[in-house]
file query13.cif (mmCIF, C-alpha atoms)
data_work
loop_
_atom_site.label_atom_id
_atom_site.label_comp_id
_atom_site.auth_asym_id
_atom_site.auth_seq_id
_atom_site.Cartn_x
_atom_site.Cartn_y
_atom_site.Cartn_z
CA MET A 1 10.14 2.58 -28.76
CA CYS A 2 8.47 -0.56 -27.42
CA TYR A 3 5.72 -0.64 -30.05
CA PHE A 4 7.65 -2.98 -32.33
CA LEU A 5 8.45 -5.40 -29.49
CA GLN A 6 4.88 -5.49 -28.17
CA LYS A 7 3.48 -5.85 -31.68
CA GLU A 8 5.67 -8.89 -32.36
CA ILE A 9 4.56 -10.54 -29.11
CA ALA A 10 0.92 -9.80 -29.95
CA LEU A 11 1.39 -11.37 -33.38
CA TYR A 12 3.06 -14.42 -31.84
CA THR A 13 0.12 -14.83 -29.44
CA ALA A 14 -2.34 -14.50 -32.33
CA SER A 15 -0.48 -17.20 -34.26
CA LYS A 16 -1.07 -19.61 -31.36
CA ALA A 17 -4.64 -18.56 -30.54
CA ASN A 18 -6.29 -21.48 -32.35
CA LEU A 19 -3.80 -24.14 -31.25
CA GLU A 20 -3.53 -26.27 -28.14
CA PHE A 21 -2.24 -24.42 -25.08
CA SER A 22 0.85 -26.64 -25.05
CA GLN A 23 1.88 -25.04 -28.36
CA PHE A 24 2.21 -21.61 -26.71
CA ASN A 25 5.89 -21.44 -25.75
CA ILE A 26 7.46 -17.98 -25.71
CA ASP A 27 10.66 -19.27 -24.12
CA ASP A 28 11.50 -21.69 -26.94
CA ASP A 29 9.79 -20.03 -29.90
CA VAL A 30 10.84 -16.39 -29.54
CA ASP A 31 14.40 -15.36 -30.39
CA PRO A 32 16.59 -14.99 -27.24
CA LEU A 33 17.96 -11.63 -28.42
CA PHE A 34 14.44 -10.33 -28.97
CA LYS A 35 13.48 -11.37 -25.43
CA GLU A 36 16.55 -9.58 -24.10
CA TYR A 37 15.46 -6.30 -25.70
CA TRP A 38 11.86 -6.87 -24.65
CA CYS A 39 12.73 -7.41 -20.98
CA LYS A 40 15.12 -4.46 -20.85
CA ARG A 41 12.81 -2.19 -22.90
CA LEU A 42 15.67 -1.37 -25.25
CA HIS A 43 15.32 0.39 -28.59
CA PRO A 44 14.49 -2.24 -31.23
CA LYS A 45 16.71 -0.76 -33.96
CA ASN A 46 19.49 -3.27 -33.23
CA VAL A 47 17.21 -6.29 -33.15
CA ALA A 48 14.49 -5.66 -35.75
CA GLU A 49 16.52 -6.98 -38.68
CA LYS A 50 18.23 -9.80 -36.79
CA VAL A 51 15.28 -11.86 -35.58
CA TYR A 52 12.51 -13.88 -37.18
CA ARG A 53 9.44 -11.70 -37.74
CA GLN A 54 6.04 -13.06 -36.75
CA PRO A 55 3.46 -13.71 -39.50
CA PRO A 56 0.93 -10.93 -40.22
CA LEU A 57 -2.35 -11.05 -38.32
CA ARG A 58 -4.44 -11.92 -41.39
CA ILE A 59 -2.40 -15.09 -41.92
CA SER A 60 -2.70 -16.17 -38.28
CA LEU A 61 -6.46 -15.64 -38.24
CA ARG A 62 -6.96 -17.52 -41.51
CA SER A 63 -5.67 -20.81 -40.12
CA GLY A 64 -7.51 -23.03 -37.69
CA ARG A 65 -10.69 -21.04 -37.15
CA LEU A 66 -12.63 -22.13 -34.08
CA ASN A 67 -16.15 -23.51 -34.34
CA LYS A 68 -18.96 -21.87 -32.42
CA GLN A 69 -19.35 -24.89 -30.16
CA ASP A 70 -15.78 -24.39 -28.95
CA PHE A 71 -17.06 -21.41 -26.97
CA LYS A 72 -19.79 -23.37 -25.20
CA PHE A 73 -18.77 -24.66 -21.79
CA THR A 74 -19.90 -27.99 -20.40
CA LYS A 75 -20.93 -28.36 -16.76
CA HIS A 76 -17.52 -29.82 -15.93
CA GLN A 77 -15.72 -26.95 -17.64
CA THR A 78 -17.89 -24.41 -15.85
CA SER A 79 -17.15 -26.07 -12.51
CA LEU A 80 -13.44 -26.01 -13.31
CA LEU A 81 -13.51 -22.29 -14.12
CA LEU A 82 -15.47 -21.48 -10.96
CA ALA A 83 -12.93 -23.41 -8.90
CA ALA A 84 -10.06 -21.63 -10.67
CA ASP A 85 -11.63 -18.22 -9.99
CA SER A 86 -12.06 -19.09 -6.32
CA ILE A 87 -8.45 -20.25 -5.97
CA GLY A 88 -7.04 -17.41 -8.04
CA LYS A 89 -8.51 -14.70 -5.82
CA LYS A 90 -6.12 -15.80 -3.09
CA ILE A 91 -3.15 -14.36 -5.00
CA GLN A 92 -4.45 -10.81 -4.47
CA TYR A 93 -2.05 -8.71 -2.39
CA ASN A 94 -3.80 -6.87 0.41
CA CYS A 95 -1.89 -3.64 -0.10
CA ARG A 96 -2.12 -0.50 -2.18
CA GLY A 97 -1.08 -0.47 -5.81
CA PHE A 98 -2.11 -4.04 -6.64
CA LEU A 99 -5.47 -3.78 -8.35
CA PRO A 100 -7.81 -6.78 -8.77
CA ASN A 101 -7.63 -8.50 -12.14
CA GLN A 102 -10.20 -11.18 -12.92
CA ARG A 103 -8.18 -12.59 -15.81
CA GLN A 104 -5.12 -12.97 -13.60
CA TYR A 105 -7.27 -14.65 -10.96
CA ARG A 106 -8.53 -17.24 -13.42
CA MET A 107 -5.12 -17.98 -14.93
CA ALA A 108 -3.53 -18.30 -11.49
CA GLY A 109 -6.29 -20.67 -10.42
CA LEU A 110 -5.92 -22.81 -13.54
CA ALA A 111 -2.15 -22.90 -12.98
CA ALA A 112 -2.64 -24.06 -9.38
CA ILE A 113 -5.07 -26.77 -10.47
CA GLU A 114 -2.77 -28.04 -13.22
CA ILE A 115 0.21 -28.10 -10.86
CA ALA A 116 -1.85 -29.98 -8.27
CA GLN A 117 -2.94 -32.54 -10.87
CA LYS A 118 0.57 -33.16 -12.18
CA VAL A 119 2.23 -33.26 -8.77
CA SER A 120 -0.40 -35.50 -7.18
CA LYS A 121 -0.16 -37.96 -10.07
CA ALA A 122 3.63 -38.05 -9.80
CA TRP A 123 3.43 -38.54 -6.04
CA ARG A 124 0.90 -41.35 -6.37
CA PHE A 125 3.31 -43.05 -8.72
CA LEU A 126 6.22 -42.54 -6.33
CA ARG A 127 4.30 -43.86 -3.33
CA ASN A 128 4.08 -47.22 -5.08
CA PRO A 129 7.00 -49.16 -3.52
CA LYS A 130 7.91 -50.81 -6.83
CA ASN A 131 8.15 -47.51 -8.69
CA SER A 132 9.99 -45.81 -5.84
CA ALA A 133 12.60 -48.57 -5.81
CA LYS A 134 13.11 -48.19 -9.56
CA LEU A 135 13.69 -44.46 -9.23
CA VAL A 136 16.10 -44.92 -6.32
CA ARG A 137 18.14 -47.40 -8.36
CA ARG A 138 18.14 -45.01 -11.32
CA ARG A 139 19.20 -42.14 -9.07
CA ASP A 140 22.07 -44.14 -7.58
CA LYS A 141 23.54 -44.67 -11.03
CA HIS A 142 24.18 -40.96 -11.45
CA ASN A 143 26.68 -38.68 -9.82
CA MET A 144 24.73 -36.72 -7.25
CA SER A 145 27.06 -33.74 -7.52
CA VAL A 146 26.03 -33.39 -11.17
CA ASN A 147 22.36 -34.20 -10.90
CA ARG A 148 20.81 -34.07 -7.45
CA GLY A 149 17.95 -36.24 -8.54
CA GLY A 150 16.07 -37.18 -5.40
CA TYR A 151 12.59 -38.61 -5.46
CA CYS A 152 10.99 -36.25 -7.93
CA SER A 153 13.80 -35.22 -10.21
CA THR A 154 14.71 -36.94 -13.44
CA SER A 155 18.02 -37.47 -15.13
CA THR A 156 16.38 -37.15 -18.54
CA LEU A 157 15.88 -33.41 -18.09
CA SER A 158 18.49 -30.83 -18.91
CA ALA A 159 19.70 -29.27 -15.69
CA GLY A 160 20.16 -25.90 -17.32
CA SER A 161 16.81 -25.06 -18.82
CA PRO A 162 13.12 -25.47 -18.13
CA THR A 163 10.98 -27.69 -20.26
CA SER A 164 7.38 -27.46 -21.33
CA SER A 165 4.75 -28.90 -19.01
CA PRO A 166 5.17 -32.69 -18.95
CA SER A 167 2.47 -34.70 -20.66
CA GLU A 168 0.21 -37.16 -18.91
CA GLU A 169 1.99 -39.98 -20.74
CA ARG A 170 5.36 -38.86 -19.40
CA VAL A 171 4.12 -38.73 -15.81
CA SER A 172 2.25 -42.03 -15.99
CA SER A 173 5.28 -43.75 -17.51
CA GLY A 174 7.16 -43.22 -14.28
CA ILE A 175 9.40 -40.36 -15.33
CA SER A 176 8.80 -37.95 -12.48
CA LEU A 177 8.66 -34.19 -12.25
CA SER A 178 11.56 -31.80 -11.81
CA TRP A 179 11.16 -28.42 -10.15
CA GLN A 180 11.45 -26.76 -13.58
CA ASP A 181 8.47 -28.77 -14.81
CA VAL A 182 6.39 -27.57 -11.87
CA TYR A 183 7.35 -23.92 -12.11
CA ASN A 184 7.09 -23.84 -15.88
CA ILE A 185 3.37 -24.60 -15.57
CA ALA A 186 2.92 -21.42 -13.53
CA VAL A 187 5.21 -19.46 -15.86
CA LYS A 188 3.21 -20.40 -18.96
CA TRP A 189 -0.14 -19.51 -17.38
CA ARG A 190 1.34 -16.18 -16.24
CA GLN A 191 2.62 -15.53 -19.76
CA ILE A 192 -0.76 -16.16 -21.37
CA SER A 193 -2.60 -14.16 -18.70
CA GLU A 194 -0.98 -11.00 -20.10
CA PRO A 195 1.22 -11.70 -23.13
CA CYS A 196 2.60 -8.15 -23.21
CA ASP A 197 4.25 -8.57 -19.80
CA PRO A 198 7.86 -9.78 -20.27
CA VAL A 199 7.74 -13.02 -18.26
CA VAL A 200 10.49 -15.37 -19.43
CA TRP A 201 13.08 -17.79 -18.07
CA VAL A 202 16.19 -15.69 -17.56
CA ASN A 203 18.57 -18.46 -18.59
CA LYS A 204 16.89 -18.53 -22.00
CA LEU A 205 17.76 -14.97 -22.86
CA SER A 206 20.54 -14.14 -25.32
CA GLU A 207 24.27 -14.51 -24.77
CA GLU A 208 24.17 -11.15 -23.01
CA PHE A 209 22.84 -13.15 -20.07
CA ASN A 210 26.48 -14.08 -19.47
CA SER A 211 27.22 -10.47 -18.53
CA GLY A 212 24.36 -10.36 -16.06
CA PHE A 213 20.76 -9.23 -16.01
CA GLY A 214 19.13 -7.76 -12.95
CA SER A 215 15.62 -7.26 -11.69
CA HIS A 216 14.93 -3.90 -10.06
CA THR A 217 12.28 -3.29 -7.39
CA PRO A 218 12.43 0.37 -6.32
CA LEU A 219 11.02 1.34 -2.93
CA LEU A 220 12.00 4.99 -3.15
CA LEU A 221 12.74 6.63 -6.48
CA GLY A 222 13.92 10.18 -6.01
CA GLN A 223 11.05 12.03 -4.38
CA ALA A 224 8.55 9.32 -5.31
CA LYS A 225 7.47 6.68 -2.83
CA ILE A 226 6.60 3.66 -4.96
CA VAL A 227 3.09 2.82 -3.81
CA ARG A 228 3.44 -0.94 -4.23
CA TYR A 229 6.74 -1.38 -2.45
CA TYR A 230 7.28 1.58 -0.13
CA PRO A 231 5.54 -0.25 2.77
CA TYR A 232 8.70 -2.43 2.87
CA TYR A 233 10.96 0.62 3.20
CA LEU A 234 11.60 0.55 6.95
CA ARG A 235 12.06 -3.23 7.07
CA THR A 236 14.51 -3.08 4.17
CA LEU A 237 16.36 -0.18 5.77
CA GLU A 238 16.75 -2.12 9.02
CA ALA A 239 17.96 -5.17 7.09
CA ALA A 240 20.58 -3.04 5.33
CA LYS A 241 21.75 -1.57 8.64
CA THR A 242 22.04 -5.03 10.21
CA ILE A 243 24.15 -6.31 7.32
CA MET A 244 26.41 -3.24 7.39
CA LEU A 245 26.98 -3.52 11.14
CA ASP A 246 27.62 -7.24 10.87
CA LEU A 247 30.01 -7.24 7.90
CA LYS A 248 31.46 -3.76 8.47
CA TYR A 249 31.76 -3.15 4.75
CA VAL A 250 29.61 -2.50 1.67
CA ASN A 251 30.25 -2.76 -2.07
CA ASN A 252 30.32 0.22 -4.40
CA ALA A 253 29.01 0.44 -7.97
CA GLU A 254 32.22 -1.22 -9.24
CA ASP A 255 31.76 -4.07 -6.72
CA ARG A 256 34.78 -2.94 -4.70
CA ALA A 257 34.60 -3.19 -0.92
CA ILE A 258 34.22 -0.02 1.16
CA PHE A 259 35.18 -0.80 4.74
CA LEU A 260 33.21 0.70 7.62
CA THR A 261 35.40 -0.16 10.58
CA ASP A 262 35.52 3.38 11.95
CA ILE A 263 33.67 3.53 15.28
CA GLU A 264 32.00 6.85 14.46
CA LYS A 265 30.65 5.50 11.17
CA LEU A 266 29.24 2.42 12.88
CA LYS A 267 27.48 4.62 15.46
CA LYS A 268 25.94 6.70 12.66
CA ILE A 269 24.71 3.53 10.96
CA GLU A 270 23.06 2.39 14.19
CA VAL A 271 21.00 5.57 14.49
CA ALA A 272 20.33 6.08 10.76
CA SER A 273 16.64 6.60 10.03
CA SER A 274 16.72 6.93 6.24
CA CYS A 275 18.60 5.72 3.20
CA SER A 276 20.10 9.20 2.84
CA ASP A 277 21.64 8.83 6.32
CA LEU A 278 23.30 5.59 5.24
CA TYR A 279 24.45 7.13 1.97
CA ASN A 280 26.08 10.00 3.84
CA VAL A 281 28.03 7.49 5.94
CA VAL A 282 29.29 5.57 2.90
CA GLY A 283 29.73 8.61 0.64
CA GLU A 284 28.86 6.96 -2.69
CA THR A 285 26.52 4.51 -4.41
CA TYR A 286 26.65 1.16 -2.63
CA TRP A 287 24.95 -2.17 -2.18
CA VAL A 288 24.74 -4.88 0.46
CA ALA A 289 23.49 -8.42 -0.02
CA THR A 290 21.37 -10.59 2.21
CA ARG A 291 22.68 -14.07 2.97
CA CYS A 292 20.91 -17.30 2.13
CA ASP A 293 21.88 -20.59 3.78
CA SER A 294 22.17 -23.57 1.46
CA ILE A 295 20.24 -26.79 1.96
CA ALA A 296 21.96 -28.49 -0.96
CA PHE A 297 25.42 -28.18 0.60
CA GLN A 298 25.76 -27.90 4.35
CA GLY A 299 27.68 -24.84 5.48
CA ARG A 300 27.52 -22.99 2.17
CA ARG A 301 26.07 -19.49 2.13
CA LEU A 302 24.72 -17.88 -1.01
CA GLU A 303 24.28 -14.26 -1.96
CA GLY A 304 20.62 -13.35 -1.66
CA THR A 305 19.00 -10.15 -2.90
CA ARG A 306 20.86 -6.86 -2.99
CA ILE A 307 19.77 -3.66 -1.26
CA THR A 308 21.12 -0.64 -3.12
CA THR A 309 21.27 3.09 -2.48
CA GLN A 310 22.06 5.39 -5.38
CA ASN A 311 22.21 9.17 -5.43
CA VAL A 312 20.06 10.42 -8.33
CA GLY A 313 20.86 14.09 -7.86
CA LYS A 314 18.60 16.85 -6.63
CA THR A 315 15.54 14.59 -6.56
CA GLY A 316 16.99 12.34 -3.87
CA PHE A 317 17.92 8.67 -3.79
CA ASP A 318 17.05 5.43 -5.53
CA PHE A 319 16.59 2.92 -2.70
CA ALA A 320 15.83 -0.46 -4.21
CA ILE A 321 16.00 -4.23 -4.06
CA ARG A 322 17.94 -5.64 -6.98
CA THR A 323 18.62 -9.23 -7.95
CA PRO A 324 21.56 -9.96 -10.26
CA CYS A 325 20.98 -12.80 -12.71
CA THR A 326 24.14 -14.43 -14.02
CA PRO A 327 24.94 -17.98 -15.17
CA SER A 328 26.92 -18.73 -12.00
CA ARG A 329 24.08 -17.52 -9.78
CA TRP A 330 21.56 -19.49 -11.84
CA GLU A 331 23.60 -22.68 -11.35
CA GLU A 332 23.89 -22.13 -7.60
CA TYR A 333 20.20 -21.58 -7.09
CA GLN A 334 19.26 -24.37 -9.45
CA GLU A 335 21.06 -26.73 -7.07
CA GLU A 336 19.11 -25.23 -4.17
CA MET A 337 15.78 -25.51 -6.00
CA THR A 338 16.52 -29.13 -6.89
CA ALA A 339 17.37 -29.95 -3.28
CA ALA A 340 14.32 -28.05 -2.00
CA TRP A 341 12.00 -29.87 -4.42
CA GLU A 342 13.55 -33.17 -3.38
CA ALA A 343 12.81 -32.29 0.26
CA ILE A 344 9.14 -31.58 -0.55
CA CYS A 345 8.74 -34.90 -2.33
CA GLU A 346 10.45 -36.84 0.44
CA ALA A 347 8.39 -35.09 3.13
CA TYR A 348 5.18 -36.19 1.41
CA CYS A 349 6.11 -39.56 -0.05
CA SER A 350 7.93 -40.92 3.00
CA ASP A 351 4.80 -40.79 5.19
CA PRO A 352 2.17 -43.54 4.73
CA ASN A 353 -0.74 -41.15 5.46
CA PRO A 354 0.56 -37.61 4.91
CA THR A 355 -2.88 -36.03 4.52
CA ARG A 356 -3.99 -37.36 7.92
CA ASP A 357 -0.78 -36.67 9.82
CA SER A 358 -0.59 -33.02 10.91
CA ASN A 359 3.15 -33.29 11.51
CA ALA A 360 3.71 -34.61 7.99
CA LEU A 361 1.60 -31.81 6.52
CA ASP A 362 3.54 -29.24 8.53
CA ALA A 363 6.77 -30.69 7.16
CA VAL A 364 5.43 -30.44 3.60
CA LYS A 365 4.28 -26.85 4.16
CA ALA A 366 7.67 -25.87 5.58
CA ALA A 367 9.44 -27.48 2.62
CA ILE A 368 7.19 -25.62 0.16
CA LEU A 369 7.86 -22.29 1.88
CA ARG A 370 11.59 -23.01 1.84
CA MET A 371 11.50 -23.69 -1.89
CA THR A 372 9.50 -20.51 -2.47
CA TYR A 373 12.13 -18.58 -0.53
CA TYR A 374 14.86 -19.80 -2.87
CA TRP A 375 12.68 -19.01 -5.90
CA VAL A 376 12.26 -15.35 -4.95
CA GLN A 377 15.98 -14.96 -4.31
#

call {"tool": "encode", "arguments": {"input": "query13.cif", "output": "structure tokens"}}
result
Amino acid sequence: MCYFLQKEIALYTASKANLEFSQFNIDDDVDPLFKEYWCKRLHPKNVAEKVYRQPPLRISLRSGRLNKQDFKFTKHQTSLLLAADSIGKKIQYNCRGFLPNQRQYRMAGLAAIEIAQKVSKAWRFLRNPKNSAKLVRRRDKHNMSVNRGGYCSTSTLSAGSPTSSPSEERVSSGISLSWQDVYNIAVKWRQISEPCDPVVWVNKLSEEFNSGFGSHTPLLLGQAKIVRYYPYYLRTLEAAKTIMLDLKYVNNAEDRAIFLTDIEKLKKIEVASSCSDLYNVVGETYWVATRCDSIAFQGRRLEGTRITTQNVGKTGFDFAIRTPCTPSRWEEYQEEMTAAWEAICEAYCSDPNPTRDSNALDAVKAAILRMTYYWVQ
């Protein structure tokens, strides 16, 4: 079923193999409908004749053959790769199910180095009082409710879609980085690290994105304990219980509220020790959502990730973390990511010696963690 989809991605990758890395751009080059089917692992019969087909392998390999010297590394290149390998190893999860992957290590390390280079150059530019004043004046000309620019955002970027990694000329000219620029560097390196993994920007899928698209992380799937994620089972169960006791309602599969105000039901929720116990209290498939406090707009609370329990018959229950992806949710979290990125830039650029001031570094670290929290929502 997925052979056609994987073959097309492999052919696309082959067509870019002899070009500059900046020319590899799955998000802009590959048809949105194709990406929709690829991500959802749908049958390709409805998409095969509707999308542009990639050129055959023999045509891709004929153009732009590499010279032998292109495979010889200089001392500087070797040092760069060794540094990338060292940095990349730090992404390894120390839990079962996540096997070491040297290629992923190297690509993650190269992504981290490129991000550090681009961000540090942008910050050096911003720390120049003349340049900072120019950006502040430019920011003040725009409606902040439309484009929360801040120190490191730019009004020249579309607020609704990521761009390719900014060039050195763009950064040096004083047009600073947006959060999409930063994250798109990591996204592209992750894409090239394993082209057959469907890693794409969700807002660049087809029009079906308007009806929602959700990620699914199962902890318990019937009788199977998912080795990668089951260690989070008890923590997730306790989080679900806390939300249910606090709100006194859950949502069913049709998103209708099921109220849990009965005292006996609340007592059963308190002592529940499994997802089946909670399901028996509710009586049908349900979900609850964590809450995420906004930093872009004081007092606003956003829907975080959803914890779902679904009866899958004799085999048991599907207990999972799901994240709905809809245009409205994308817009809400884009505002949060913009504000979080602004906070990182201000935390670093507002201090005269941030690398020597432990308090300033702590503020930068906290801002980075906060932005990461919004990203995983």

call {"tool": "resolve_selection", "arguments": {"input": "query13.cif", "expression": "the PyMOL selection byres ((chain A and resi 301) around 12)", "output": "list of chain:residue names"}}
result
A:Ala289, A:Thr290, A:Arg291, A:Cys292, A:Asp293, A:Ser294, A:Ile295, A:Ala296, A:Phe297, A:Gln298, A:Gly299, A:Arg300, A:Leu302, A:Glu303, A:Gly304, A:Glu332, A:Tyr333, A:Glu336

call {"tool": "resolve_selection", "arguments": {"input": "query13.cif", "expression": "the PyMOL selection byres ((chain A and resi 258) around 12)", "output": "PyMOL selection string"}}
result
chain A and resi 244+247-257+259-262+265+281-288

call {"tool": "write_last_selection", "arguments": {"input": "query13.cif", "atoms": "C-alpha atoms", "output": "PDB file, keeping the file's coordinate frame"}}
result
ATOM      1  CA  MET A 244      26.410  -3.240   7.390  1.00  0.00           C
ATOM      2  CA  LEU A 247      30.010  -7.240   7.900  1.00  0.00           C
ATOM      3  CA  LYS A 248      31.460  -3.760   8.470  1.00  0.00           C
ATOM      4  CA  TYR A 249      31.760  -3.150   4.750  1.00  0.00           C
ATOM      5  CA  VAL A 250      29.610  -2.500   1.670  1.00  0.00           C
ATOM      6  CA  ASN A 251      30.250  -2.760  -2.070  1.00  0.00           C
ATOM      7  CA  ASN A 252      30.320   0.220  -4.400  1.00  0.00           C
ATOM      8  CA  ALA A 253      29.010   0.440  -7.970  1.00  0.00           C
ATOM      9  CA  GLU A 254      32.220  -1.220  -9.240  1.00  0.00           C
ATOM     10  CA  ASP A 255      31.760  -4.070  -6.720  1.00  0.00           C
ATOM     11  CA  ARG A 256      34.780  -2.940  -4.700  1.00  0.00           C
ATOM     12  CA  ALA A 257      34.600  -3.190  -0.920  1.00  0.00           C
ATOM     13  CA  PHE A 259      35.180  -0.800   4.740  1.00  0.00           C
ATOM     14  CA  LEU A 260      33.210   0.700   7.620  1.00  0.00           C
ATOM     15  CA  THR A 261      35.400  -0.160  10.580  1.00  0.00           C
ATOM     16  CA  ASP A 262      35.520   3.380  11.950  1.00  0.00           C
ATOM     17  CA  LYS A 265      30.650   5.500  11.170  1.00  0.00           C
ATOM     18  CA  VAL A 281      28.030   7.490   5.940  1.00  0.00           C
ATOM     19  CA  VAL A 282      29.290   5.570   2.900  1.00  0.00           C
ATOM     20  CA  GLY A 283      29.730   8.610   0.640  1.00  0.00           C
ATOM     21  CA  GLU A 284      28.860   6.960  -2.690  1.00  0.00           C
ATOM     22  CA  THR A 285      26.520   4.510  -4.410  1.00  0.00           C
ATOM     23  CA  TYR A 286      26.650   1.160  -2.630  1.00  0.00           C
ATOM     24  CA  TRP A 287      24.950  -2.170  -2.180  1.00  0.00           C
ATOM     25  CA  VAL A 288      24.740  -4.880   0.460  1.00  0.00           C
TER      26      VAL A 288
END

call {"tool": "closest_residue", "arguments": {"input": "query13.cif", "among": "A:Glu114, A:Asp28, A:Glu264, A:Glu270", "to": "Ile243 (chain A)", "atoms": "all atoms listed in the file"}}
result
A:Glu270

call {"tool": "closest_residue", "arguments": {"input": "query13.cif", "among": "A:Thr323, A:Asn280, A:Thr315, A:Ser358", "to": "Thr217 (chain A)", "atoms": "all atoms listed in the file"}}
result
A:Thr323

call {"tool": "resolve_selection", "arguments": {"input": "query13.cif", "expression": "the PyMOL selection byres ((chain A and resi 21) around 12)", "output": "JSON, numbers by chain"}}
result
{"A": [13, 15, 16, 17, 18, 19, 20, 22, 23, 24, 25, 26, 164, 165, 185, 188, 189, 191, 192]}

call {"tool": "residues_around", "arguments": {"input": "query13.cif", "residues": "Gly316 (chain A)", "least_positions_apart": "5", "cutoff": "10 Å", "atoms": "all atoms listed in the file", "output": "JSON, numbers by chain"}}
result
{"A": [220, 221, 222, 223, 224, 275, 276, 310, 311]}

call {"tool": "atom_distance", "arguments": {"input": "query13.cif", "atom1": "CA of Ile269 (chain A)", "atom2": "CA of Phe319 (chain A)"}}
result
15.9 Å

call {"tool": "residues_near_point", "arguments": {"input": "query13.cif", "point": "(-15.3, -21.6, -13.9)", "cutoff": "12 Å", "atoms": "all atoms listed in the file", "output": "PyMOL selection string"}}
result
chain A and resi 73-88+102-103+105-107+109-110+113

call {"tool": "closest_residue", "arguments": {"input": "query13.cif", "among": "A:Trp179, A:Glu331, A:Ser215, A:Pro231", "to": "Ala343 (chain A)", "atoms": "all atoms listed in the file"}}
result
A:Trp179

call {"tool": "atom_distance", "arguments": {"input": "query13.cif", "atom1": "CA of Ala340 (chain A)", "atom2": "CA of Tyr183 (chain A)"}}
result
13.0 Å

call {"tool": "atom_distance", "arguments": {"input": "query13.cif", "atom1": "CA of Ser60 (chain A)", "atom2": "CA of Tyr3 (chain A)"}}
result
19.5 Å

call {"tool": "closest_residue", "arguments": {"input": "query13.cif", "among": "A:Gln54, A:Ser176, A:Gln6, A:Thr305", "to": "Glu194 (chain A)", "atoms": "only C-alpha atoms"}}
result
A:Gln6

call {"tool": "build_atoms", "arguments": {"input": "query13.cif", "residues": "region 315-328 of chain A", "atoms": "N, CA and C atoms", "output": "PDB file, in the frame of the given file"}}
result
ATOM      1  N   THR A 315      16.832  15.204  -6.914  1.00  0.00           N
ATOM      2  CA  THR A 315      15.540  14.590  -6.560  1.00  0.00           C
ATOM      3  C   THR A 315      15.647  13.625  -5.389  1.00  0.00           C
ATOM      4  N   GLY A 316      16.860  13.216  -5.024  1.00  0.00           N
ATOM      5  CA  GLY A 316      16.990  12.340  -3.870  1.00  0.00           C
ATOM      6  C   GLY A 316      17.757  11.070  -4.158  1.00  0.00           C
ATOM      7  N   PHE A 317      17.205   9.940  -3.707  1.00  0.00           N
ATOM      8  CA  PHE A 317      17.920   8.670  -3.790  1.00  0.00           C
ATOM      9  C   PHE A 317      17.032   7.579  -4.393  1.00  0.00           C
ATOM     10  N   ASP A 318      17.705   6.646  -5.052  1.00  0.00           N
ATOM     11  CA  ASP A 318      17.050   5.430  -5.530  1.00  0.00           C
ATOM     12  C   ASP A 318      17.394   4.339  -4.520  1.00  0.00           C
ATOM     13  N   PHE A 319      16.410   3.970  -3.709  1.00  0.00           N
ATOM     14  CA  PHE A 319      16.590   2.920  -2.700  1.00  0.00           C
ATOM     15  C   PHE A 319      15.796   1.717  -3.185  1.00  0.00           C
ATOM     16  N   ALA A 320      16.489   0.623  -3.492  1.00  0.00           N
ATOM     17  CA  ALA A 320      15.830  -0.460  -4.210  1.00  0.00           C
ATOM     18  C   ALA A 320      16.361  -1.825  -3.811  1.00  0.00           C
ATOM     19  N   ILE A 321      15.583  -2.832  -4.170  1.00  0.00           N
ATOM     20  CA  ILE A 321      16.000  -4.230  -4.060  1.00  0.00           C
ATOM     21  C   ILE A 321      16.322  -4.705  -5.466  1.00  0.00           C
ATOM     22  N   ARG A 322      17.515  -5.176  -5.662  1.00  0.00           N
ATOM     23  CA  ARG A 322      17.940  -5.640  -6.980  1.00  0.00           C
ATOM     24  C   ARG A 322      18.431  -7.084  -6.879  1.00  0.00           C
ATOM     25  N   THR A 323      18.166  -7.846  -7.917  1.00  0.00           N
ATOM     26  CA  THR A 323      18.620  -9.230  -7.950  1.00  0.00           C
ATOM     27  C   THR A 323      19.435  -9.468  -9.204  1.00  0.00           C
ATOM     28  N   PRO A 324      20.741  -9.681  -9.073  1.00  0.00           N
ATOM     29  CA  PRO A 324      21.560  -9.960 -10.260  1.00  0.00           C
ATOM     30  C   PRO A 324      21.264 -11.357 -10.790  1.00  0.00           C
ATOM     31  N   CYS A 325      21.225 -11.493 -12.093  1.00  0.00           N
ATOM     32  CA  CYS A 325      20.980 -12.800 -12.710  1.00  0.00           C
ATOM     33  C   CYS A 325      22.144 -13.113 -13.642  1.00  0.00           C
ATOM     34  N   THR A 326      22.985 -14.016 -13.231  1.00  0.00           N
ATOM     35  CA  THR A 326      24.140 -14.430 -14.020  1.00  0.00           C
ATOM     36  C   THR A 326      24.163 -15.949 -14.097  1.00  0.00           C
ATOM     37  N   PRO A 327      24.886 -16.515 -15.059  1.00  0.00           N
ATOM     38  CA  PRO A 327      24.940 -17.980 -15.170  1.00  0.00           C
ATOM     39  C   PRO A 327      25.406 -18.661 -13.885  1.00  0.00           C
ATOM     40  N   SER A 328      26.414 -18.096 -13.217  1.00  0.00           N
ATOM     41  CA  SER A 328      26.920 -18.730 -12.000  1.00  0.00           C
ATOM     42  C   SER A 328      25.860 -18.718 -10.899  1.00  0.00           C
TER      43      SER A 328
END
